[in-house]
$ cat entry_33.cif   # mmCIF, C-alpha atoms
data_coords
loop_
_atom_site.label_atom_id
_atom_site.label_comp_id
_atom_site.auth_asym_id
_atom_site.auth_seq_id
_atom_site.Cartn_x
_atom_site.Cartn_y
_atom_site.Cartn_z
CA MET Q 1 0.00 0.00 0.00
CA ALA Q 2 2.86 2.39 0.90
CA ARG Q 3 4.41 1.77 -2.53
CA LEU Q 4 1.09 2.50 -4.22
CA ARG Q 5 0.64 5.64 -2.22
CA CYS Q 6 4.12 6.87 -3.10
CA SER Q 7 3.59 6.26 -6.80
CA VAL Q 8 0.29 8.09 -6.71
CA VAL Q 9 1.93 11.02 -4.95
CA LEU Q 10 4.62 11.24 -7.61
CA PHE Q 11 1.98 10.99 -10.31
CA ALA Q 12 -0.02 13.74 -8.75
CA ALA Q 13 3.01 15.98 -8.42
CA SER Q 14 3.90 15.45 -12.06
CA MET Q 15 0.43 16.47 -13.14
CA LEU Q 16 0.50 19.80 -11.30
CA PRO Q 17 0.68 22.97 -13.38
CA VAL Q 18 3.49 25.44 -12.81
CA TRP Q 19 2.26 28.16 -10.47
CA GLY Q 20 3.67 31.60 -9.71
CA GLN Q 21 6.22 32.38 -7.07
CA ASN Q 22 5.93 34.00 -3.63
CA PHE Q 23 3.77 31.43 -1.89
CA VAL Q 24 4.35 28.94 0.89
CA THR Q 25 2.16 25.94 1.60
CA GLY Q 26 1.82 25.12 5.28
CA PRO Q 27 1.73 21.57 6.69
CA ASN Q 28 -1.43 19.61 7.34
CA THR Q 29 -2.44 18.69 10.90
CA GLY Q 30 -0.94 15.18 10.64
CA ALA Q 31 0.39 12.62 8.27
CA GLU Q 32 -3.15 11.39 7.84
CA SER Q 33 -6.22 13.43 8.79
CA ARG Q 34 -9.20 11.32 9.72
CA LEU Q 35 -12.63 12.63 8.78
CA ASP Q 36 -14.54 10.18 10.97
CA ASN Q 37 -13.34 11.66 14.22
CA THR Q 38 -15.53 14.23 15.94
CA PRO Q 39 -15.71 16.81 14.55
CA ARG Q 40 -15.27 15.07 11.21
CA ASN Q 41 -12.92 17.46 9.50
CA ALA Q 42 -9.28 17.85 8.48
CA THR Q 43 -7.50 21.18 8.58
CA PHE Q 44 -4.63 22.43 6.40
CA PHE Q 45 -2.86 25.77 6.51
CA LEU Q 46 -1.73 28.06 3.73
CA THR Q 47 0.54 31.08 4.00
CA VAL Q 48 0.80 33.49 1.07
CA THR Q 49 3.88 35.71 1.03
CA GLY Q 50 5.23 38.43 -1.20
CA SER Q 51 3.54 41.45 -2.75
CA GLY Q 52 0.63 41.52 -5.14
CA THR Q 53 -2.56 39.49 -5.34
CA TYR Q 54 -2.81 35.72 -5.80
CA SER Q 55 -5.74 33.41 -6.27
CA LEU Q 56 -6.63 30.01 -4.88
CA ALA Q 57 -8.21 27.83 -7.56
CA GLY Q 58 -8.45 24.67 -5.48
CA GLY Q 59 -6.39 21.97 -3.80
CA ILE Q 60 -5.20 18.43 -4.54
CA PHE Q 61 -5.73 15.83 -1.84
CA PHE Q 62 -5.33 12.05 -1.50
CA MET Q 63 -8.10 10.05 0.05
CA LYS Q 64 -9.25 6.56 0.97
CA ASP Q 65 -12.88 5.79 1.73
CA GLY Q 66 -14.12 3.15 4.12
CA THR Q 67 -16.00 -0.01 3.18
CA SER Q 68 -19.32 1.81 3.31
CA THR Q 69 -20.46 4.74 1.25
CA THR Q 70 -19.52 8.06 2.79
CA ASP Q 71 -21.34 11.36 2.55
CA ASN Q 72 -20.27 14.32 0.50
CA VAL Q 73 -17.01 16.10 1.37
CA THR Q 74 -16.58 19.87 1.30
CA LEU Q 75 -13.47 22.02 1.08
CA THR Q 76 -13.91 25.48 2.68
CA VAL Q 77 -11.35 28.30 2.64
CA PHE Q 78 -11.17 30.68 5.61
CA ASN Q 79 -9.17 33.86 6.12
CA SER Q 80 -7.33 34.76 9.33
CA ALA Q 81 -10.55 36.25 10.75
CA ALA Q 82 -12.30 32.85 10.39
CA MET Q 83 -14.52 34.24 7.63
CA ALA Q 84 -15.39 31.77 4.88
CA LEU Q 85 -14.14 32.99 1.51
CA GLY Q 86 -15.46 30.12 -0.64
CA SER Q 87 -16.12 26.39 -0.78
CA ILE Q 88 -16.61 23.42 -3.10
CA THR Q 89 -18.37 20.08 -2.41
CA LEU Q 90 -17.58 16.71 -4.05
CA ILE Q 91 -20.18 13.95 -3.96
CA ASN Q 92 -19.36 10.38 -2.91
CA SER Q 93 -19.49 8.94 -6.42
CA GLU Q 94 -16.52 11.09 -7.36
CA PHE Q 95 -14.45 9.36 -4.68
CA CYS Q 96 -15.48 5.82 -5.61
CA ALA Q 97 -15.21 6.09 -9.37
CA ASN Q 98 -12.34 3.58 -9.51
CA ASP Q 99 -13.72 1.05 -6.98
CA PRO Q 100 -17.45 1.58 -6.42
CA ALA Q 101 -17.80 -1.75 -4.56
CA HIS Q 102 -15.35 -1.04 -1.79
CA CYS Q 103 -13.92 2.47 -2.29
CA GLN Q 104 -10.72 1.32 -0.61
CA SER Q 105 -8.14 2.51 -3.16
CA TYR Q 106 -6.13 5.64 -2.60
CA SER Q 107 -6.78 8.22 -5.27
CA TYR Q 108 -6.29 11.95 -5.60
CA ARG Q 109 -9.03 14.43 -6.27
CA THR Q 110 -8.79 18.09 -7.19
CA PHE Q 111 -11.15 20.43 -5.36
CA ALA Q 112 -11.59 23.15 -7.99
CA LEU Q 113 -13.41 26.24 -6.73
CA PRO Q 114 -16.07 27.70 -9.05
CA SER Q 115 -13.94 30.84 -9.44
CA PRO Q 116 -10.50 31.65 -8.08
CA LEU Q 117 -10.38 33.33 -4.68
CA ALA Q 118 -8.28 36.48 -4.52
CA LEU Q 119 -5.69 36.20 -1.79
CA SER Q 120 -3.56 38.98 -0.40
CA PRO Q 121 -0.42 38.02 1.54
CA GLY Q 122 -1.40 36.41 4.83
CA SER Q 123 -2.51 33.19 6.50
CA TYR Q 124 -5.44 31.03 5.39
CA THR Q 125 -7.05 27.81 6.62
CA LEU Q 126 -8.46 25.07 4.39
CA VAL Q 127 -10.90 22.67 6.02
CA LEU Q 128 -12.15 19.35 4.60
CA SER Q 129 -15.40 18.33 6.28
CA THR Q 130 -18.13 15.71 5.95
CA ASN Q 131 -21.38 14.73 7.64
CA ALA Q 132 -20.79 11.05 7.04
CA PRO Q 133 -21.23 8.78 10.06
CA PRO Q 134 -18.08 7.05 11.41
CA GLN Q 135 -17.15 3.96 9.37
CA GLN Q 136 -15.67 0.61 10.40
CA ASN Q 137 -12.63 1.44 8.27
CA SER Q 138 -11.57 5.05 8.61
CA ALA Q 139 -11.77 7.48 5.74
CA TYR Q 140 -8.48 9.32 5.38
CA PHE Q 141 -7.74 12.53 3.51
CA VAL Q 142 -4.08 13.36 3.12
CA LYS Q 143 -2.44 16.29 1.37
CA GLY Q 144 0.00 14.60 -0.98
CA ASP Q 145 3.71 14.94 -0.32
CA GLY Q 146 5.38 17.47 -2.56
CA THR Q 147 2.14 18.91 -3.87
CA SER Q 148 0.97 22.48 -3.43
CA PHE Q 149 -2.26 24.32 -3.28
CA SER Q 150 -3.14 26.03 -6.52
CA VAL Q 151 -1.87 29.53 -5.80
CA MET Q 152 -1.40 31.54 -8.97
CA ALA Q 153 0.60 34.75 -9.31
CA GLY Q 154 -0.92 37.93 -10.66
CA GLY Q 155 -4.43 37.30 -9.43
CA GLY Q 156 -5.14 34.28 -11.62
CA GLY Q 157 -6.75 36.34 -14.34
CA GLY Q 158 -8.49 38.82 -12.03
CA ALA Q 159 -9.93 39.31 -8.57
CA PRO Q 160 -12.83 41.22 -7.02
CA ASN Q 161 -12.11 44.31 -4.95
CA LEU Q 162 -15.02 45.65 -2.94
CA SER Q 163 -15.18 49.32 -2.01
CA ILE Q 164 -17.82 51.08 0.08
CA SER Q 165 -19.24 54.57 0.23
CA LYS Q 166 -21.96 56.32 2.18
CA ASN Q 167 -24.04 59.50 2.10
CA SER Q 168 -26.78 60.98 4.26
CA SER Q 169 -30.25 62.22 3.42
CA PRO Q 170 -30.73 65.06 3.99
CA ALA Q 171 -27.16 66.30 3.73
CA ASN Q 172 -27.59 67.89 7.17
CA PHE Q 173 -29.51 66.07 9.88
CA SER Q 174 -31.75 67.92 12.35
CA ALA Q 175 -31.43 67.41 16.09
CA GLY Q 176 -34.31 65.38 17.50
CA MET Q 177 -35.38 64.22 14.03
CA ALA Q 178 -34.93 61.12 11.83
CA GLY Q 179 -32.34 60.83 9.08
CA ALA Q 180 -31.23 58.18 6.59
CA TYR Q 181 -27.96 56.82 5.27
CA SER Q 182 -27.43 55.20 1.85
CA VAL Q 183 -24.62 52.62 1.76
CA GLN Q 184 -23.18 51.52 -1.59
CA VAL Q 185 -20.91 48.49 -2.15
CA THR Q 186 -19.06 48.54 -5.49
CA ASN Q 187 -16.76 45.94 -7.04
CA VAL Q 188 -13.85 47.94 -8.44
CA GLY Q 189 -11.87 44.76 -9.18
CA ASN Q 190 -11.64 42.80 -12.43
CA ALA Q 191 -13.48 39.63 -11.37
CA SER Q 192 -16.89 38.88 -9.89
CA SER Q 193 -17.32 38.56 -6.14
CA SER Q 194 -18.01 35.17 -4.55
CA GLY Q 195 -19.23 34.10 -1.15
CA VAL Q 196 -20.82 36.13 1.64
CA ILE Q 197 -20.38 39.91 1.69
CA THR Q 198 -20.72 41.61 5.08
CA VAL Q 199 -21.33 45.32 5.66
CA MET Q 200 -20.96 46.70 9.19
CA ASP Q 201 -22.06 50.23 10.04
CA THR Q 202 -21.23 51.72 13.44
CA LEU Q 203 -23.64 54.48 14.45
CA GLY Q 204 -22.51 57.50 16.46
CA PRO Q 205 -23.42 57.68 20.17
CA ASN Q 206 -26.02 60.39 19.48
CA GLN Q 207 -28.00 58.15 17.11
CA THR Q 208 -30.43 55.30 17.64
CA PHE Q 209 -31.20 52.59 15.09
CA VAL Q 210 -34.63 52.56 13.42
CA SER Q 211 -34.35 50.23 10.42
CA ALA Q 212 -32.05 48.88 7.69
CA THR Q 213 -33.19 47.47 4.35
CA GLY Q 214 -31.77 46.65 0.94
CA SER Q 215 -32.77 44.34 -1.90
CA GLY Q 216 -30.94 41.05 -1.39
CA TRP Q 217 -29.49 42.16 1.94
CA SER Q 218 -30.27 40.67 5.36
CA CYS Q 219 -29.84 43.32 8.07
CA SER Q 220 -29.91 43.44 11.85
CA ALA Q 221 -28.64 45.72 14.63
CA ALA Q 222 -26.99 45.16 18.00
CA ALA Q 223 -26.45 48.28 20.10
CA GLN Q 224 -24.77 50.80 17.74
CA VAL Q 225 -23.61 48.27 15.12
CA VAL Q 226 -25.76 47.56 12.06
CA THR Q 227 -24.80 44.41 10.11
CA CYS Q 228 -26.02 43.52 6.61
CA THR Q 229 -25.04 40.43 4.61
CA THR Q 230 -25.63 39.12 1.10
CA SER Q 231 -24.48 36.18 -1.00
CA ALA Q 232 -25.35 37.92 -4.25
CA VAL Q 233 -22.58 38.10 -6.85
CA ILE Q 234 -21.31 41.57 -7.73
CA ALA Q 235 -19.81 41.60 -11.20
CA ALA Q 236 -16.58 43.48 -11.88
CA GLY Q 237 -17.36 47.17 -12.18
CA ALA Q 238 -20.90 46.75 -10.81
CA SER Q 239 -22.56 47.77 -7.55
CA ALA Q 240 -24.81 45.93 -5.13
CA PRO Q 241 -28.30 47.32 -4.37
CA LEU Q 242 -28.24 50.21 -1.93
CA ILE Q 243 -28.62 49.64 1.80
CA THR Q 244 -30.81 52.27 3.50
CA ILE Q 245 -30.23 52.77 7.23
CA THR Q 246 -32.69 54.99 9.09
CA VAL Q 247 -31.71 56.54 12.42
CA ASN Q 248 -33.01 58.99 14.99
CA VAL Q 249 -30.73 61.85 15.96
CA ALA Q 250 -30.71 62.83 19.63
CA ALA Q 251 -32.10 66.24 20.56
CA ASN Q 252 -28.65 67.18 21.80
CA GLY Q 253 -26.91 65.37 18.96
CA GLY Q 254 -25.04 68.30 17.43
CA PRO Q 255 -23.03 69.79 16.00
CA SER Q 256 -22.29 66.66 13.91
CA VAL Q 257 -22.50 62.85 13.95
CA THR Q 258 -19.79 60.49 12.67
CA ASN Q 259 -20.41 57.04 11.17
CA THR Q 260 -17.94 54.44 9.94
CA VAL Q 261 -18.97 51.65 7.56
CA THR Q 262 -16.88 48.69 6.38
CA VAL Q 263 -17.25 45.86 3.86
CA ALA Q 264 -15.62 42.42 3.99
CA GLY Q 265 -15.80 39.08 2.20
CA GLY Q 266 -16.93 38.42 -1.34
CA GLY Q 267 -13.52 36.95 -2.19
CA GLY Q 268 -12.10 40.42 -2.61
CA THR Q 269 -8.82 41.98 -1.57
CA ASN Q 270 -10.98 44.91 -0.38
CA THR Q 271 -8.15 47.41 0.09
CA ASN Q 272 -10.59 50.34 0.27
CA ASN Q 273 -13.20 48.70 2.45
CA SER Q 274 -13.83 51.45 5.02
CA PHE Q 275 -15.61 54.79 4.78
CA THR Q 276 -16.19 57.46 7.43
CA LEU Q 277 -18.94 60.06 7.03
CA VAL Q 278 -19.34 63.18 9.15
CA THR Q 279 -22.84 64.66 8.87
CA PRO Q 280 -23.60 68.15 10.25
CA VAL Q 281 -26.55 68.34 12.61
CA ASP Q 282 -28.71 71.45 12.42
CA ALA Q 283 -29.91 72.46 15.89
CA PRO Q 284 -31.51 75.49 17.56
CA ASP Q 285 -29.51 77.71 19.89
CA LEU Q 286 -31.71 79.90 22.07
CA SER Q 287 -30.47 83.09 23.70
CA VAL Q 288 -32.31 85.56 25.96
CA LEU Q 289 -32.12 89.36 26.15
CA LYS Q 290 -33.79 91.67 28.67
CA THR Q 291 -34.42 95.42 28.56
CA SER Q 292 -36.44 98.00 30.52
CA THR Q 293 -38.63 100.76 29.16
CA THR Q 294 -36.76 103.38 31.23
CA ALA Q 295 -33.05 103.44 31.95
CA THR Q 296 -33.75 104.23 35.63
CA PHE Q 297 -36.62 103.10 37.85
CA THR Q 298 -38.18 105.36 40.47
CA GLN Q 299 -38.99 104.32 44.03
CA GLY Q 300 -42.69 103.89 44.65
CA GLN Q 301 -43.58 103.71 40.95
CA ASN Q 302 -44.32 100.96 38.42
CA ALA Q 303 -41.78 99.80 35.81
CA VAL Q 304 -41.74 97.51 32.74
CA TYR Q 305 -39.28 94.82 31.57
CA THR Q 306 -39.18 93.33 28.04
CA ILE Q 307 -37.70 89.83 27.48
CA GLN Q 308 -36.71 88.67 23.99
CA VAL Q 309 -35.89 85.04 23.07
CA ASN Q 310 -33.79 84.62 19.90
CA ASN Q 311 -32.79 81.48 17.97
CA VAL Q 312 -29.20 82.04 16.89
CA GLY Q 313 -28.74 78.39 15.79
CA ASN Q 314 -29.05 76.78 12.35
CA GLY Q 315 -32.16 74.69 13.08
CA ALA Q 316 -35.72 75.46 14.15
CA SER Q 317 -36.73 74.97 17.77
CA SER Q 318 -39.01 72.11 18.76
CA GLY Q 319 -41.01 71.40 21.89
CA THR Q 320 -41.73 73.61 24.89
CA ILE Q 321 -39.63 76.71 25.55
CA THR Q 322 -39.53 78.01 29.13
CA VAL Q 323 -38.43 81.49 30.23
CA THR Q 324 -37.81 82.06 33.94
CA ASP Q 325 -37.33 85.58 35.33
CA THR Q 326 -36.31 86.09 38.97
CA LEU Q 327 -37.34 89.51 40.29
CA ASP Q 328 -35.21 91.53 42.69
CA PRO Q 329 -36.52 91.54 46.33
CA ASN Q 330 -37.23 95.28 45.93
CA LEU Q 331 -39.71 94.59 43.15
CA ALA Q 332 -43.28 93.29 43.34
CA PHE Q 333 -44.86 91.37 40.44
CA VAL Q 334 -47.82 93.05 38.74
CA SER Q 335 -48.38 91.17 35.43
CA ALA Q 336 -46.67 89.33 32.56
CA THR Q 337 -47.95 88.91 29.00
CA GLY Q 338 -46.70 87.95 25.54
CA SER Q 339 -48.33 86.73 22.32
CA GLY Q 340 -48.20 82.93 22.34
CA TRP Q 341 -46.77 82.84 25.86
CA SER Q 342 -48.47 81.52 29.00
CA CYS Q 343 -47.16 83.35 32.09
CA SER Q 344 -47.54 83.01 35.86
CA ALA Q 345 -45.69 84.12 39.00
CA ALA Q 346 -44.82 82.49 42.31
CA SER Q 347 -43.21 84.80 44.84
CA GLN Q 348 -40.35 86.50 42.97
CA VAL Q 349 -40.18 84.00 40.07
CA VAL Q 350 -42.04 84.72 36.83
CA THR Q 351 -42.41 81.76 34.44
CA CYS Q 352 -43.54 81.94 30.81
CA THR Q 353 -43.85 79.00 28.38
CA THR Q 354 -44.60 78.53 24.68
CA SER Q 355 -44.66 75.68 22.17
CA ALA Q 356 -44.35 78.01 19.20
CA VAL Q 357 -41.56 77.14 16.74
CA ILE Q 358 -38.76 79.68 16.44
CA ALA Q 359 -37.07 79.36 13.06
CA ALA Q 360 -33.30 79.57 12.74
CA GLY Q 361 -32.28 83.24 12.95
CA ALA Q 362 -35.73 84.34 14.14
CA SER Q 363 -37.14 85.60 17.46
CA ALA Q 364 -40.19 84.76 19.54
CA SER Q 365 -42.82 87.33 20.45
CA PRO Q 366 -41.53 89.56 23.28
CA ILE Q 367 -42.63 89.08 26.89
CA THR Q 368 -43.66 92.15 28.90
CA ILE Q 369 -43.33 92.02 32.70
CA ASN Q 370 -44.85 94.82 34.82
CA VAL Q 371 -43.46 95.37 38.33
CA SER Q 372 -43.84 97.80 41.23
CA VAL Q 373 -40.71 99.37 42.74
CA MET Q 374 -40.51 99.60 46.54
CA ALA Q 375 -40.73 103.13 47.96
CA ASN Q 376 -37.83 102.53 50.37
CA GLY Q 377 -35.81 100.11 48.20
CA GLU Q 378 -32.16 99.98 47.19
CA SER Q 379 -30.38 102.20 44.71
CA SER Q 380 -30.57 99.43 42.04
CA VAL Q 381 -32.49 96.25 41.28
CA THR Q 382 -31.06 93.09 39.65
CA ASN Q 383 -33.02 90.60 37.57
CA THR Q 384 -31.88 87.31 36.04
CA GLY Q 385 -33.67 85.79 33.05
CA THR Q 386 -33.05 82.31 31.61
CA VAL Q 387 -34.39 80.29 28.66
CA ALA Q 388 -34.48 76.49 28.33
CA GLY Q 389 -35.97 73.77 26.12
CA GLY Q 390 -36.91 73.98 22.48
CA GLY Q 391 -34.15 71.52 21.56
CA ASP Q 392 -31.46 74.02 22.51
CA VAL Q 393 -27.99 72.44 22.31
CA ASP Q 394 -25.87 75.34 23.60
CA THR Q 395 -26.55 76.56 27.14
CA SER Q 396 -23.70 79.09 27.23
CA ASN Q 397 -25.99 81.94 26.17
CA ASN Q 398 -29.19 80.95 28.01
CA SER Q 399 -29.02 83.48 30.87
CA PHE Q 400 -29.03 87.26 31.05
CA ARG Q 401 -28.43 89.44 34.14
CA PHE Q 402 -29.91 92.92 34.10
CA VAL Q 403 -29.18 95.70 36.62
CA THR Q 404 -31.35 98.83 36.67
CA PRO Q 405 -30.59 101.96 38.76
CA VAL Q 406 -33.35 103.22 41.10
CA SER Q 407 -33.76 106.90 41.99
CA SER Q 408 -35.58 108.26 45.03
CA GLY Q 409 -38.85 109.96 44.29
CA PRO Q 410 -39.45 113.81 44.59
CA PRO Q 411 -39.89 115.21 48.22
CA PRO Q 412 -43.48 115.37 49.52
CA PRO Q 413 -45.20 118.78 48.87
CA VAL Q 414 -45.14 121.46 51.70
CA GLN Q 415 -48.62 122.17 53.24
CA GLU Q 416 -48.99 125.99 53.01
CA VAL Q 417 -51.63 127.93 54.99
CA PRO Q 418 -54.21 129.57 52.70
CA ALA Q 419 -53.95 133.40 52.58
CA THR Q 420 -57.68 133.91 53.50
CA THR Q 421 -57.07 132.63 57.02
CA THR Q 422 -54.51 135.34 58.02
CA PRO Q 423 -57.04 138.16 59.10
CA MET Q 424 -58.97 135.68 61.17
CA LEU Q 425 -55.81 134.68 63.02
CA ILE Q 426 -54.97 138.33 63.75
CA LEU Q 427 -58.49 139.04 65.05
CA SER Q 428 -58.36 135.96 67.23
CA GLY Q 429 -55.06 137.16 68.73
CA MET Q 430 -56.43 140.61 69.46
CA VAL Q 431 -59.48 139.18 71.20
CA LEU Q 432 -57.28 136.93 73.28
CA ILE Q 433 -55.06 139.85 74.32
CA GLY Q 434 -58.14 141.99 75.28
CA LEU Q 435 -59.59 139.15 77.31
CA VAL Q 436 -56.36 138.74 79.28
CA ALA Q 437 -56.28 142.54 80.02
CA TRP Q 438 -59.88 142.57 81.23
CA LEU Q 439 -59.28 139.70 83.58
CA ARG Q 440 -56.26 141.49 85.11
CA ARG Q 441 -58.25 144.76 85.72
CA ARG Q 442 -61.06 142.89 87.35
CA ALA Q 443 -58.71 141.14 89.65
CA THR Q 444 -57.21 144.53 90.66
CA TYR Q 445 -60.62 146.15 91.35
CA ARG Q 446 -61.66 143.34 93.67
CA GLY Q 447 -58.51 143.64 95.58
#
$ encode --input "entry_33.cif" --output "structure tokens"
Amino acid sequence: MARLRCSVVLFAASMLPVWGQNFVTGPNTGAESRLDNTPRNATFFLTVTGSGTYSLAGGIFFMKDGTSTTDNVTLTVFNSAAMALGSITLINSEFCANDPAHCQSYSYRTFALPSPLALSPGSYTLVLSTNAPPQQNSAYFVKGDGTSFSVMAGGGGGAPNLSISKNSSPANFSAGMAGAYSVQVTNVGNASSSGVITVMDTLGPNQTFVSATGSGWSCSAAAQVVTCTTSAVIAAGASAPLITITVNVAANGGPSVTNTVTVAGGGGTNTNNSFTLVTPVDAPDLSVLKTSTTATFTQGQNAVYTIQVNNVGNGASSGTITVTDTLDPNLAFVSATGSGWSCSAASQVVTCTTSAVIAAGASASPITINVSVMANGESSVTNTGTVAGGGDVDTSNNSFRFVTPVSSGPPPPVQEVPATTTPMLILSGMVLIGLVAWLRRRATYRG
């Protein structure tokens, strides 16, 4: 048997074509790899060295079947990331063609892949596997001594090369709103793709996944990673159907969101398989400004404040906007009004709210606050106004402090005696003087 095996090996080696340089074939896992162990597979290793692209067309193996018919046998090629690049299955009748009754003769078979797999320099694993039940006589599959895997220089007549690109719709997202990405896989190589193609899109932290669809694609999401796969063949120079990924952008998701998408598999070298897209996020930025109708308040009199809310951002506001104004202790609240605003007061805090949309670069209707100034207050009063909500993403300009001088009021008017009362006062004095004189004379007479 050993002599037969050796002669077959030499025959097989003599039948091999002459392949290109810059490749190394690694050893198999043993002198003989048994497929009826559990798991029933045999593993071989291939290392491709040098520069350029090579292709794997198949492999030549020696085998001996057991006394019973075995199941089909499959050769699968994996890259260093354990991703299957391609496979080929041979049926049992191909093994037993020379001895269908017993299938006990050694013979070599070539596993020829449907199309060559493009290989860049690196390590690869080739696995022979079968679902056949264990046999009384083992089935052995041995890589023949002196033979090589079919690695061809120069790409073996061509290889796929998958590239990926991405754009957003609209070009600028809006904070708190939905947006969509379009992902395009293109084969820029010179051979059709083969095997599973996998696209992975990593969403930014300010985005949440909504959906992902594409004709021929199977998509799912886990946390921030969206994964889509297809086994469809992409011809050289062609593109796969678009993948549409819909997301929600957080209300505070600005000023931009960054996504990275990658493509792998398809038998390609895929040297340009990553794409990063930065999408601006339009968002409102609310600021508040406060003024008074008079530069100086007067003690004991009423005064008026005006509050203006402006959107200095590049996106419209959304949701409820709240303005809070804290009055100085020397002021008493009288009223607060504004078109579209709902206002109330509790102690020294005035609160006004609105759900009206403020467009980018626009202003809300002004708020008017009427107050009463204490008669014996300080020489100035200080008010602080703030704005919040509306999808605002920048809080650095949300407060405004306003100090207003207070003057004392004019002195109270002097109470003057009317001129018509002067003669009466003189007459009364004269009568009083005469009465005192009369009383003195009377007292003298009696004495």
$ resolve_selection --input "entry_33.cif" --expression "the PyMOL selection byres ((chain Q and resi 286) around 12)" --output "PyMOL selection string"
chain Q and resi 283-285+287-289+308-318+321-323+357-364+386-400
$ atom_distance --input "entry_33.cif" --atom1 "CA of Leu203 in chain Q" --atom2 "CA of Met177 in chain Q"
15.3 Å
$ resolve_selection --input "entry_33.cif" --expression "the PyMOL selection byres ((chain Q and resi 331-336) around 8)" --output "number ranges by chain"
Q: 327-330, 337-338, 343-345, 348, 350, 367-374, 381
$ write_last_selection --input "entry_33.cif" --atoms "C-alpha atoms" --output "PDB file, in the coordinates of the input"
ATOM      1  CA  LEU Q 327     -37.340  89.510  40.290  1.00  0.00           C
ATOM      2  CA  ASP Q 328     -35.210  91.530  42.690  1.00  0.00           C
ATOM      3  CA  PRO Q 329     -36.520  91.540  46.330  1.00  0.00           C
ATOM      4  CA  ASN Q 330     -37.230  95.280  45.930  1.00  0.00           C
ATOM      5  CA  THR Q 337     -47.950  88.910  29.000  1.00  0.00           C
ATOM      6  CA  GLY Q 338     -46.700  87.950  25.540  1.00  0.00           C
ATOM      7  CA  CYS Q 343     -47.160  83.350  32.090  1.00  0.00           C
ATOM      8  CA  SER Q 344     -47.540  83.010  35.860  1.00  0.00           C
ATOM      9  CA  ALA Q 345     -45.690  84.120  39.000  1.00  0.00           C
ATOM     10  CA  GLN Q 348     -40.350  86.500  42.970  1.00  0.00           C
ATOM     11  CA  VAL Q 350     -42.040  84.720  36.830  1.00  0.00           C
ATOM     12  CA  ILE Q 367     -42.630  89.080  26.890  1.00  0.00           C
ATOM     13  CA  THR Q 368     -43.660  92.150  28.900  1.00  0.00           C
ATOM     14  CA  ILE Q 369     -43.330  92.020  32.700  1.00  0.00           C
ATOM     15  CA  ASN Q 370     -44.850  94.820  34.820  1.00  0.00           C
ATOM     16  CA  VAL Q 371     -43.460  95.370  38.330  1.00  0.00           C
ATOM     17  CA  SER Q 372     -43.840  97.800  41.230  1.00  0.00           C
ATOM     18  CA  VAL Q 373     -40.710  99.370  42.740  1.00  0.00           C
ATOM     19  CA  MET Q 374     -40.510  99.600  46.540  1.00  0.00           C
ATOM     20  CA  VAL Q 381     -32.490  96.250  41.280  1.00  0.00           C
TER      21      VAL Q 381
END
$ atom_distance --input "entry_33.cif" --atom1 "CA of Ala81 in chain Q" --atom2 "CA of Thr246 in chain Q"
29.1 Å
$ resolve_selection --input "entry_33.cif" --expression "the PyMOL selection byres ((chain Q and resi 172) around 10)" --output "list of chain:residue names"
Q:Ser168, Q:Ser169, Q:Pro170, Q:Ala171, Q:Phe173, Q:Ser174, Q:Ala175, Q:Gly179, Q:Ser256, Q:Val257, Q:Val278, Q:Thr279, Q:Pro280, Q:Val281, Q:Asp282
$ write_last_selection --input "entry_33.cif" --atoms "C-alpha atoms" --output "short mmCIF file (atom, residue, chain, number, x, y, z; two decimals), in the coordinates of the input"
data_model
loop_
_atom_site.label_atom_id
_atom_site.label_comp_id
_atom_site.auth_asym_id
_atom_site.auth_seq_id
_atom_site.Cartn_x
_atom_site.Cartn_y
_atom_site.Cartn_z
CA SER Q 168 -26.78 60.98 4.26
CA SER Q 169 -30.25 62.22 3.42
CA PRO Q 170 -30.73 65.06 3.99
CA ALA Q 171 -27.16 66.30 3.73
CA PHE Q 173 -29.51 66.07 9.88
CA SER Q 174 -31.75 67.92 12.35
CA ALA Q 175 -31.43 67.41 16.09
CA GLY Q 179 -32.34 60.83 9.08
CA SER Q 256 -22.29 66.66 13.91
CA VAL Q 257 -22.50 62.85 13.95
CA VAL Q 278 -19.34 63.18 9.15
CA THR Q 279 -22.84 64.66 8.87
CA PRO Q 280 -23.60 68.15 10.25
CA VAL Q 281 -26.55 68.34 12.61
CA ASP Q 282 -28.71 71.45 12.42
#
$ closest_residue --input "entry_33.cif" --among "Q:Thr230, Q:Thr320, Q:Asn270, Q:Thr208" --to "Ala159 in chain Q" --atoms "all atoms listed in the file"
Q:Asn270
$ residues_around --input "entry_33.cif" --residues "Pro241 in chain Q" --least-positions-apart "4" --cutoff "9 Å" --atoms "all atoms listed in the file" --output "list in words"
Val183, Gln184, Val185, Gly214, Ser215, Gly216 and Trp217 of chain Q
$ atom_distance --input "entry_33.cif" --atom1 "CA of Ser165 in chain Q" --atom2 "CA of Asn252 in chain Q"
26.7 Å
$ residues_around --input "entry_33.cif" --residues "Val199 in chain Q" --least-positions-apart "5" --cutoff "6 Å" --atoms "all atoms listed in the file" --output "list in words"
Thr227, Cys228, Thr262 and Val263 of chain Q
$ closest_residue --input "entry_33.cif" --among "Q:Gly385, Q:Thr324, Q:Ser218, Q:Gln301" --to "Ala232 in chain Q" --atoms "all atoms listed in the file"
Q:Ser218
$ residues_around --input "entry_33.cif" --residues "Ala235 in chain Q" --least-positions-apart "2" --cutoff "8 Å" --atoms "all atoms listed in the file" --output "list in words"
Asn187, Ala191, Ser192, Ser193, Val233, Gly237, Ala238 and Ser239 of chain Q
